[in-house]
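Visitor: Sharing entry.pdb (PDB, C-alpha atoms) below.
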ATOM      1  CA  MET A 298      95.905 135.107 129.188
ATOM      2  CA  LEU A 299      94.473 132.040 127.474
ATOM      3  CA  THR A 300      96.501 130.756 124.525
ATOM      4  CA  MET A 301      94.716 128.791 121.856
ATOM      5  CA  VAL A 302      96.623 125.738 120.699
ATOM      6  CA  SER A 303      96.143 124.785 117.084
ATOM      7  CA  PRO A 304      96.673 121.389 115.446
ATOM      8  CA  ARG A 305      97.559 123.108 112.145
ATOM      9  CA  ARG A 306     101.294 122.385 112.229
ATOM     10  CA  LEU A 307     100.739 118.745 113.210
ATOM     11  CA  LEU A 308      98.227 118.275 110.422
ATOM     12  CA  GLN A 309     100.617 119.843 107.919
ATOM     13  CA  LEU A 310     103.339 117.460 109.063
ATOM     14  CA  ARG A 311     101.061 114.430 108.925
ATOM     15  CA  PHE A 312      99.624 115.158 105.513
ATOM     16  CA  GLY A 313     102.839 116.497 103.972
ATOM     17  CA  TYR A 314     103.110 113.322 101.935
ATOM     18  CA  ILE A 315     100.290 114.577  99.718
ATOM     19  CA  ALA A 316     102.342 117.560  98.579
ATOM     20  CA  ALA A 317     105.491 115.441  98.284
ATOM     21  CA  ARG A 318     103.789 112.811  96.119
ATOM     22  CA  SER A 319     102.034 115.450  94.004
ATOM     23  CA  VAL A 320     105.323 117.148  93.154
ATOM     24  CA  GLY A 321     107.024 113.784  92.627
ATOM     25  CA  ALA A 322     104.293 112.568  90.275
ATOM     26  CA  ALA A 323     104.408 115.812  88.283
ATOM     27  CA  VAL A 324     108.182 115.511  87.896
ATOM     28  CA  GLU A 325     107.945 111.827  86.969
ATOM     29  CA  LEU A 326     105.306 112.579  84.323
ATOM     30  CA  GLY A 327     107.343 115.483  82.933
ATOM     31  CA  LEU A 328     104.506 117.916  83.633
ATOM     32  CA  PHE A 329     106.712 120.930  84.425
ATOM     33  CA  THR A 330     109.076 120.324  81.506
ATOM     34  CA  THR A 331     106.168 119.788  79.118
ATOM     35  CA  LEU A 332     104.391 122.910  80.330
ATOM     36  CA  ALA A 333     107.564 124.936  79.717
ATOM     37  CA  GLN A 334     107.536 123.856  76.054
ATOM     38  CA  PHE A 335     104.215 125.546  75.234
ATOM     39  CA  LEU A 336     104.405 128.960  73.578
ATOM     40  CA  GLN A 337     101.010 129.873  75.013
ATOM     41  CA  ALA A 338      99.684 128.686  78.364
ATOM     42  CA  PRO A 339      97.621 125.544  77.691
ATOM     43  CA  ASP A 340      94.442 124.331  79.302
ATOM     44  CA  VAL A 341      94.261 121.046  81.230
ATOM     45  CA  ALA A 342      92.922 119.063  78.254
ATOM     46  CA  THR A 343      95.794 120.139  75.993
ATOM     47  CA  LEU A 344      98.376 119.408  78.681
ATOM     48  CA  ALA A 345      96.843 115.986  79.380
ATOM     49  CA  GLU A 346      96.928 115.131  75.684
ATOM     50  CA  ARG A 347     100.606 116.114  75.426
ATOM     51  CA  LEU A 348     101.445 114.080  78.534
ATOM     52  CA  LYS A 349      99.397 111.113  77.244
ATOM     53  CA  CYS A 350      97.516 111.042  80.552
ATOM     54  CA  SER A 351      93.863 111.188  81.474
ATOM     55  CA  GLU A 352      92.363 114.663  81.539
ATOM     56  CA  ARG A 353      90.738 113.964  84.902
ATOM     57  CA  GLY A 354      94.028 112.858  86.452
ATOM     58  CA  VAL A 355      95.941 115.859  85.116
ATOM     59  CA  ARG A 356      93.168 118.193  86.303
ATOM     60  CA  VAL A 357      93.365 116.862  89.873
ATOM     61  CA  LEU A 358      97.168 117.005  89.884
ATOM     62  CA  CYS A 359      97.188 120.552  88.484
ATOM     63  CA  GLN A 360      94.666 121.680  91.093
ATOM     64  CA  ALA A 361      97.043 120.464  93.802
ATOM     65  CA  LEU A 362     100.017 122.162  92.132
ATOM     66  CA  LEU A 363      98.029 125.393  91.777
ATOM     67  CA  MET A 364      97.211 125.310  95.489
ATOM     68  CA  MET A 365     100.906 124.747  96.296
ATOM     69  CA  GLY A 366     101.897 127.715  94.135
ATOM     70  CA  LEU A 367     103.964 125.642  91.683
ATOM     71  CA  LEU A 368     101.548 126.436  88.883
ATOM     72  CA  GLU A 369      99.836 129.740  88.251
ATOM     73  CA  GLY A 370      96.663 130.674  86.462
ATOM     74  CA  HIS A 371      93.673 128.335  86.332
ATOM     75  CA  GLU A 372      92.588 125.167  84.547
ATOM     76  CA  ALA A 373      91.979 127.045  81.293
ATOM     77  CA  ARG A 374      95.428 128.681  81.301
ATOM     78  CA  LEU A 375      98.247 126.943  83.162
ATOM     79  CA  GLU A 376     101.647 128.508  83.668
ATOM     80  CA  LEU A 377     104.727 127.608  85.685
ATOM     81  CA  SER A 378     105.543 129.580  88.789
ATOM     82  CA  GLU A 379     108.992 131.175  88.851
ATOM     83  CA  GLU A 380     110.114 128.539  91.371
ATOM     84  CA  ALA A 381     108.895 125.618  89.238
ATOM     85  CA  ALA A 382     110.523 127.059  86.120
ATOM     86  CA  ALA A 383     113.851 127.421  87.917
ATOM     87  CA  PHE A 384     113.991 124.003  89.583
ATOM     88  CA  LEU A 385     111.489 121.581  88.027
ATOM     89  CA  VAL A 386     112.070 121.997  84.277
ATOM     90  CA  GLU A 387     114.680 119.569  82.948
ATOM     91  CA  SER A 388     116.554 122.189  80.906
ATOM     92  CA  ALA A 389     116.891 124.599  83.859
ATOM     93  CA  PRO A 390     120.414 124.891  85.332
ATOM     94  CA  GLY A 391     119.017 124.410  88.841
ATOM     95  CA  TYR A 392     116.921 121.325  87.961
ATOM     96  CA  LEU A 393     116.121 119.233  91.064
ATOM     97  CA  GLY A 394     113.812 116.704  89.436
ATOM     98  CA  GLY A 395     116.479 114.025  89.079
ATOM     99  CA  MET A 396     117.173 114.151  92.794
ATOM    100  CA  MET A 397     113.440 113.978  93.537
ATOM    101  CA  ILE A 398     113.026 110.896  91.374
ATOM    102  CA  ALA A 399     116.083 109.252  92.936
ATOM    103  CA  THR A 400     114.757 109.780  96.458
ATOM    104  CA  ASP A 401     111.387 108.249  95.532
ATOM    105  CA  ARG A 402     112.993 104.802  95.790
ATOM    106  CA  HIS A 403     113.096 105.313  99.558
ATOM    107  CA  TRP A 404     109.361 106.052  99.779
ATOM    108  CA  ASN A 405     108.144 102.552 100.628
ATOM    109  CA  LYS A 406     111.071 101.886 102.935
ATOM    110  CA  TRP A 407     110.211 104.866 105.118
ATOM    111  CA  GLY A 408     106.670 103.547 105.267
ATOM    112  CA  GLN A 409     108.089 100.702 107.354
ATOM    113  CA  LEU A 410     109.694 103.004 109.932
ATOM    114  CA  ALA A 411     107.395 102.113 112.861
ATOM    115  CA  GLU A 412     108.110  98.400 112.375
ATOM    116  CA  ALA A 413     111.855  99.078 112.097
ATOM    117  CA  VAL A 414     111.790 101.032 115.364
ATOM    118  CA  LYS A 415     109.774  98.295 117.045
ATOM    119  CA  MET A 416     112.183  95.561 115.928
ATOM    120  CA  GLY A 417     115.365  97.603 116.358
ATOM    121  CA  GLU A 418     116.467  96.688 112.851
ATOM    122  CA  PRO A 419     116.065  98.218 109.419
ATOM    123  CA  PRO A 420     113.266  96.868 107.223
ATOM    124  CA  GLN A 421     114.237  93.797 105.227
ATOM    125  CA  SER A 422     114.974  95.947 102.194
ATOM    126  CA  GLY A 423     116.918  98.417 104.355
ATOM    127  CA  ILE A 424     116.031 102.082 104.937
ATOM    128  CA  GLU A 425     119.610 103.272 104.667
ATOM    129  CA  SER A 426     120.670 101.402 101.545
ATOM    130  CA  ASP A 427     119.445  99.896  98.325
TER     131      ASP A 427
END
Let me see whether you can do it: turn the structure in this file into structure tokens.

Guide:
Amino acid sequence: MLTMVSPRRLLQLRFGYIAARSVGAAVELGLFTTLAQFLQAPDVATLAERLKCSERGVRVLCQALLMMGLLEGHEARLELSEEAAAFLVESAPGYLGGMMIATDRHWNKWGQLAEAVKMGEPPQSGIESD
């Protein structure tokens, strides 16, 4: 029996940073918290105006968040998923956004991992500490 090997998992691992940075940017911009404040689901233009961001930038970010299942609806009517409402809105008891923002400071340091392995020492700024 011939088994087909797929690169899918490897590609998901390699490009996982796109999802990580999309969620991080949305948290940093307050997108989830702002979206929770609307009484009626807004469109992208209204959300962008409230965030004081470009409409094009918010549209692209929301498309990514829609594909990840963190937003629901479509560009003309954006709503939070249950998961986003529970963990990515600042007033939620289970809010994880603060932790996500805190771990962003390690982002560039981990980008130096290959060099750190090669040299046998942490990057000059240090992966394990700030």

Visitor: In Å, rounded to a single decimal, give me how far atom CA of Met364 of chain A is from atom CA of Glu346 of chain A.

Guide: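 Atom-to-atom, atom CA of Glu346 of chain A and atom CA of Met364 of chain A are spaced 22.3 Å apart.
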
Visitor: Choose the residue, out of A:Pro420, A:Gly327, A:Pro304, A:Gly394, that has the smallest atom-to-atom separation from Lys406 of chain A; count all atoms listed in the file.

Guide: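 Under the stated criterion, the closest residue is A:Pro420.
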
Visitor: What is the distance, in Å and to one decimal place, between atom CA of Val341 of chain A and atom CA of Arg356 of chain A?

Guide: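 One can read the atom CA of Val341 of chain A to atom CA of Arg356 of chain A distance as 5.9 Å.
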
Visitor: Write out as a list in words the residues lying within 10 Å of Cys359 of chain A, counting all atoms listed in the file and excluding same-chain residues fewer than 5 positions away.

Guide: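 With the cut-off at 10 Å, the set is Ser319, Val320, Ala323, Leu328, Val341, Leu344, Arg353, Gly354, Met364, Met365, Leu367, Leu368, Glu369, His371, Glu372 and Leu375 of chain A.
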
Visitor: What does the PyMOL selection byres ((chain A and resi 311-317) around 12) select in this file, as a ChimeraX atom specification?

Guide: /A:304-310,318-324,358-367,397-398,400-401,404-405,407-408

Visitor: I need the residue nearest Ala382 of chain A from this list: A:Val414, A:Ala333, A:Met298, A:Leu326. Use only C-alpha atoms for the distance.

Guide: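 Answer, going by the shortest atom-to-atom distance: A:Ala333.
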
Visitor: In Å, how far is it from atom CA of Val355 of chain A to atom CA of Val386 of chain A?

Guide: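 About the pair atom CA of Val355 of chain A and atom CA of Val386 of chain A: they are 17.3 Å apart.
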
Visitor: For Thr343 of chain A, which of A:Glu387, A:Arg374, A:Gly417, A:Thr330 is the closest residue, counting only C-alpha atoms?

Guide: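 Ranking A:Glu387, A:Arg374, A:Gly417, A:Thr330 by distance to Thr343 of chain A, first place goes to A:Arg374.
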
Visitor: Can I get all heavy atoms for segment 324-337 of chain A, as a PDB file, in the first residue's frame?

Guide:
ATOM      1  N   VAL A 324      -4.464  42.211  18.922  1.00  0.00           N
ATOM      2  CA  VAL A 324      -4.501  42.486  20.358  1.00  0.00           C
ATOM      3  C   VAL A 324      -3.856  43.839  20.639  1.00  0.00           C
ATOM      4  O   VAL A 324      -4.409  44.669  21.359  1.00  0.00           O
ATOM      5  CB  VAL A 324      -3.802  41.357  21.162  1.00  0.00           C
ATOM      6  CG1 VAL A 324      -3.603  41.759  22.612  1.00  0.00           C
ATOM      7  CG2 VAL A 324      -4.609  40.067  21.082  1.00  0.00           C
ATOM      8  N   GLU A 325      -2.687  44.067  20.062  1.00  0.00           N
ATOM      9  CA  GLU A 325      -1.968  45.326  20.276  1.00  0.00           C
ATOM     10  C   GLU A 325      -2.791  46.533  19.847  1.00  0.00           C
ATOM     11  O   GLU A 325      -2.790  47.577  20.516  1.00  0.00           O
ATOM     12  CB  GLU A 325      -0.654  45.292  19.494  1.00  0.00           C
ATOM     13  CG  GLU A 325       0.227  46.488  19.701  1.00  0.00           C
ATOM     14  CD  GLU A 325       1.532  46.387  18.920  1.00  0.00           C
ATOM     15  OE1 GLU A 325       2.027  45.268  18.680  1.00  0.00           O
ATOM     16  OE2 GLU A 325       2.041  47.453  18.537  1.00  0.00           O
ATOM     17  N   LEU A 326      -3.515  46.407  18.752  1.00  0.00           N
ATOM     18  CA  LEU A 326      -4.353  47.504  18.252  1.00  0.00           C
ATOM     19  C   LEU A 326      -5.666  47.639  19.017  1.00  0.00           C
ATOM     20  O   LEU A 326      -6.392  48.614  18.836  1.00  0.00           O
ATOM     21  CB  LEU A 326      -4.658  47.291  16.761  1.00  0.00           C
ATOM     22  CG  LEU A 326      -3.455  47.392  15.835  1.00  0.00           C
ATOM     23  CD1 LEU A 326      -3.817  46.881  14.438  1.00  0.00           C
ATOM     24  CD2 LEU A 326      -2.934  48.813  15.782  1.00  0.00           C
ATOM     25  N   GLY A 327      -5.999  46.658  19.845  1.00  0.00           N
ATOM     26  CA  GLY A 327      -7.267  46.686  20.567  1.00  0.00           C
ATOM     27  C   GLY A 327      -8.450  46.302  19.706  1.00  0.00           C
ATOM     28  O   GLY A 327      -9.592  46.634  20.014  1.00  0.00           O
ATOM     29  N   LEU A 328      -8.204  45.577  18.627  1.00  0.00           N
ATOM     30  CA  LEU A 328      -9.265  45.238  17.676  1.00  0.00           C
ATOM     31  C   LEU A 328     -10.381  44.427  18.336  1.00  0.00           C
ATOM     32  O   LEU A 328     -11.562  44.740  18.166  1.00  0.00           O
ATOM     33  CB  LEU A 328      -8.676  44.478  16.486  1.00  0.00           C
ATOM     34  CG  LEU A 328      -9.643  44.167  15.342  1.00  0.00           C
ATOM     35  CD1 LEU A 328      -8.925  44.279  14.010  1.00  0.00           C
ATOM     36  CD2 LEU A 328     -10.255  42.785  15.490  1.00  0.00           C
ATOM     37  N   PHE A 329     -10.043  43.408  19.099  1.00  0.00           N
ATOM     38  CA  PHE A 329     -11.070  42.553  19.703  1.00  0.00           C
ATOM     39  C   PHE A 329     -11.877  43.325  20.749  1.00  0.00           C
ATOM     40  O   PHE A 329     -13.106  43.244  20.789  1.00  0.00           O
ATOM     41  CB  PHE A 329     -10.434  41.306  20.327  1.00  0.00           C
ATOM     42  CG  PHE A 329      -9.695  40.448  19.336  1.00  0.00           C
ATOM     43  CD1 PHE A 329      -8.308  40.393  19.349  1.00  0.00           C
ATOM     44  CD2 PHE A 329     -10.368  39.698  18.387  1.00  0.00           C
ATOM     45  CE1 PHE A 329      -7.617  39.605  18.443  1.00  0.00           C
ATOM     46  CE2 PHE A 329      -9.690  38.911  17.474  1.00  0.00           C
ATOM     47  CZ  PHE A 329      -8.310  38.872  17.504  1.00  0.00           C
ATOM     48  N   THR A 330     -11.175  44.083  21.585  1.00  0.00           N
ATOM     49  CA  THR A 330     -11.849  44.875  22.615  1.00  0.00           C
ATOM     50  C   THR A 330     -12.745  45.927  21.987  1.00  0.00           C
ATOM     51  O   THR A 330     -13.885  46.133  22.418  1.00  0.00           O
ATOM     52  CB  THR A 330     -10.803  45.524  23.542  1.00  0.00           C
ATOM     53  OG1 THR A 330     -10.057  44.467  24.181  1.00  0.00           O
ATOM     54  CG2 THR A 330     -11.450  46.397  24.598  1.00  0.00           C
ATOM     55  N   THR A 331     -12.266  46.591  20.951  1.00  0.00           N
ATOM     56  CA  THR A 331     -13.058  47.603  20.260  1.00  0.00           C
ATOM     57  C   THR A 331     -14.279  46.980  19.604  1.00  0.00           C
ATOM     58  O   THR A 331     -15.389  47.516  19.702  1.00  0.00           O
ATOM     59  CB  THR A 331     -12.194  48.333  19.210  1.00  0.00           C
ATOM     60  OG1 THR A 331     -11.093  48.947  19.885  1.00  0.00           O
ATOM     61  CG2 THR A 331     -12.992  49.378  18.454  1.00  0.00           C
ATOM     62  N   LEU A 332     -14.100  45.852  18.966  1.00  0.00           N
ATOM     63  CA  LEU A 332     -15.220  45.179  18.306  1.00  0.00           C
ATOM     64  C   LEU A 332     -16.299  44.787  19.316  1.00  0.00           C
ATOM     65  O   LEU A 332     -17.494  44.873  19.030  1.00  0.00           O
ATOM     66  CB  LEU A 332     -14.709  43.941  17.554  1.00  0.00           C
ATOM     67  CG  LEU A 332     -15.617  43.302  16.529  1.00  0.00           C
ATOM     68  CD1 LEU A 332     -16.165  44.310  15.527  1.00  0.00           C
ATOM     69  CD2 LEU A 332     -14.875  42.199  15.801  1.00  0.00           C
ATOM     70  N   ALA A 333     -15.887  44.410  20.518  1.00  0.00           N
ATOM     71  CA  ALA A 333     -16.842  44.026  21.560  1.00  0.00           C
ATOM     72  C   ALA A 333     -17.686  45.211  22.029  1.00  0.00           C
ATOM     73  O   ALA A 333     -18.765  45.014  22.586  1.00  0.00           O
ATOM     74  CB  ALA A 333     -16.098  43.414  22.744  1.00  0.00           C
ATOM     75  N   GLN A 334     -17.226  46.421  21.814  1.00  0.00           N
ATOM     76  CA  GLN A 334     -17.928  47.616  22.282  1.00  0.00           C
ATOM     77  C   GLN A 334     -19.076  48.051  21.366  1.00  0.00           C
ATOM     78  O   GLN A 334     -19.907  48.856  21.763  1.00  0.00           O
ATOM     79  CB  GLN A 334     -16.930  48.763  22.449  1.00  0.00           C
ATOM     80  CG  GLN A 334     -15.904  48.491  23.525  1.00  0.00           C
ATOM     81  CD  GLN A 334     -14.751  49.488  23.507  1.00  0.00           C
ATOM     82  OE1 GLN A 334     -14.636  50.321  22.599  1.00  0.00           O
ATOM     83  NE2 GLN A 334     -13.894  49.401  24.504  1.00  0.00           N
ATOM     84  N   PHE A 335     -19.123  47.529  20.157  1.00  0.00           N
ATOM     85  CA  PHE A 335     -20.191  47.899  19.222  1.00  0.00           C
ATOM     86  C   PHE A 335     -21.498  47.199  19.605  1.00  0.00           C
ATOM     87  O   PHE A 335     -21.485  46.009  19.941  1.00  0.00           O
ATOM     88  CB  PHE A 335     -19.821  47.497  17.795  1.00  0.00           C
ATOM     89  CG  PHE A 335     -18.846  48.430  17.135  1.00  0.00           C
ATOM     90  CD1 PHE A 335     -17.486  48.170  17.179  1.00  0.00           C
ATOM     91  CD2 PHE A 335     -19.293  49.563  16.465  1.00  0.00           C
ATOM     92  CE1 PHE A 335     -16.575  49.017  16.561  1.00  0.00           C
ATOM     93  CE2 PHE A 335     -18.389  50.429  15.845  1.00  0.00           C
ATOM     94  CZ  PHE A 335     -17.027  50.149  15.897  1.00  0.00           C
ATOM     95  N   LEU A 336     -22.597  47.923  19.535  1.00  0.00           N
ATOM     96  CA  LEU A 336     -23.903  47.322  19.792  1.00  0.00           C
ATOM     97  C   LEU A 336     -24.358  46.499  18.599  1.00  0.00           C
ATOM     98  O   LEU A 336     -25.038  45.492  18.754  1.00  0.00           O
ATOM     99  CB  LEU A 336     -24.931  48.403  20.127  1.00  0.00           C
ATOM    100  CG  LEU A 336     -24.652  49.206  21.400  1.00  0.00           C
ATOM    101  CD1 LEU A 336     -25.703  50.289  21.584  1.00  0.00           C
ATOM    102  CD2 LEU A 336     -24.587  48.291  22.610  1.00  0.00           C
ATOM    103  N   GLN A 337     -24.014  46.952  17.401  1.00  0.00           N
ATOM    104  CA  GLN A 337     -24.310  46.211  16.183  1.00  0.00           C
ATOM    105  C   GLN A 337     -22.996  45.927  15.476  1.00  0.00           C
ATOM    106  O   GLN A 337     -22.082  46.756  15.488  1.00  0.00           O
ATOM    107  CB  GLN A 337     -25.226  47.014  15.260  1.00  0.00           C
ATOM    108  CG  GLN A 337     -26.613  47.205  15.809  1.00  0.00           C
ATOM    109  CD  GLN A 337     -27.506  47.925  14.806  1.00  0.00           C
ATOM    110  OE1 GLN A 337     -27.038  48.683  13.964  1.00  0.00           O
ATOM    111  NE2 GLN A 337     -28.800  47.675  14.901  1.00  0.00           N
TER     112      GLN A 337
END
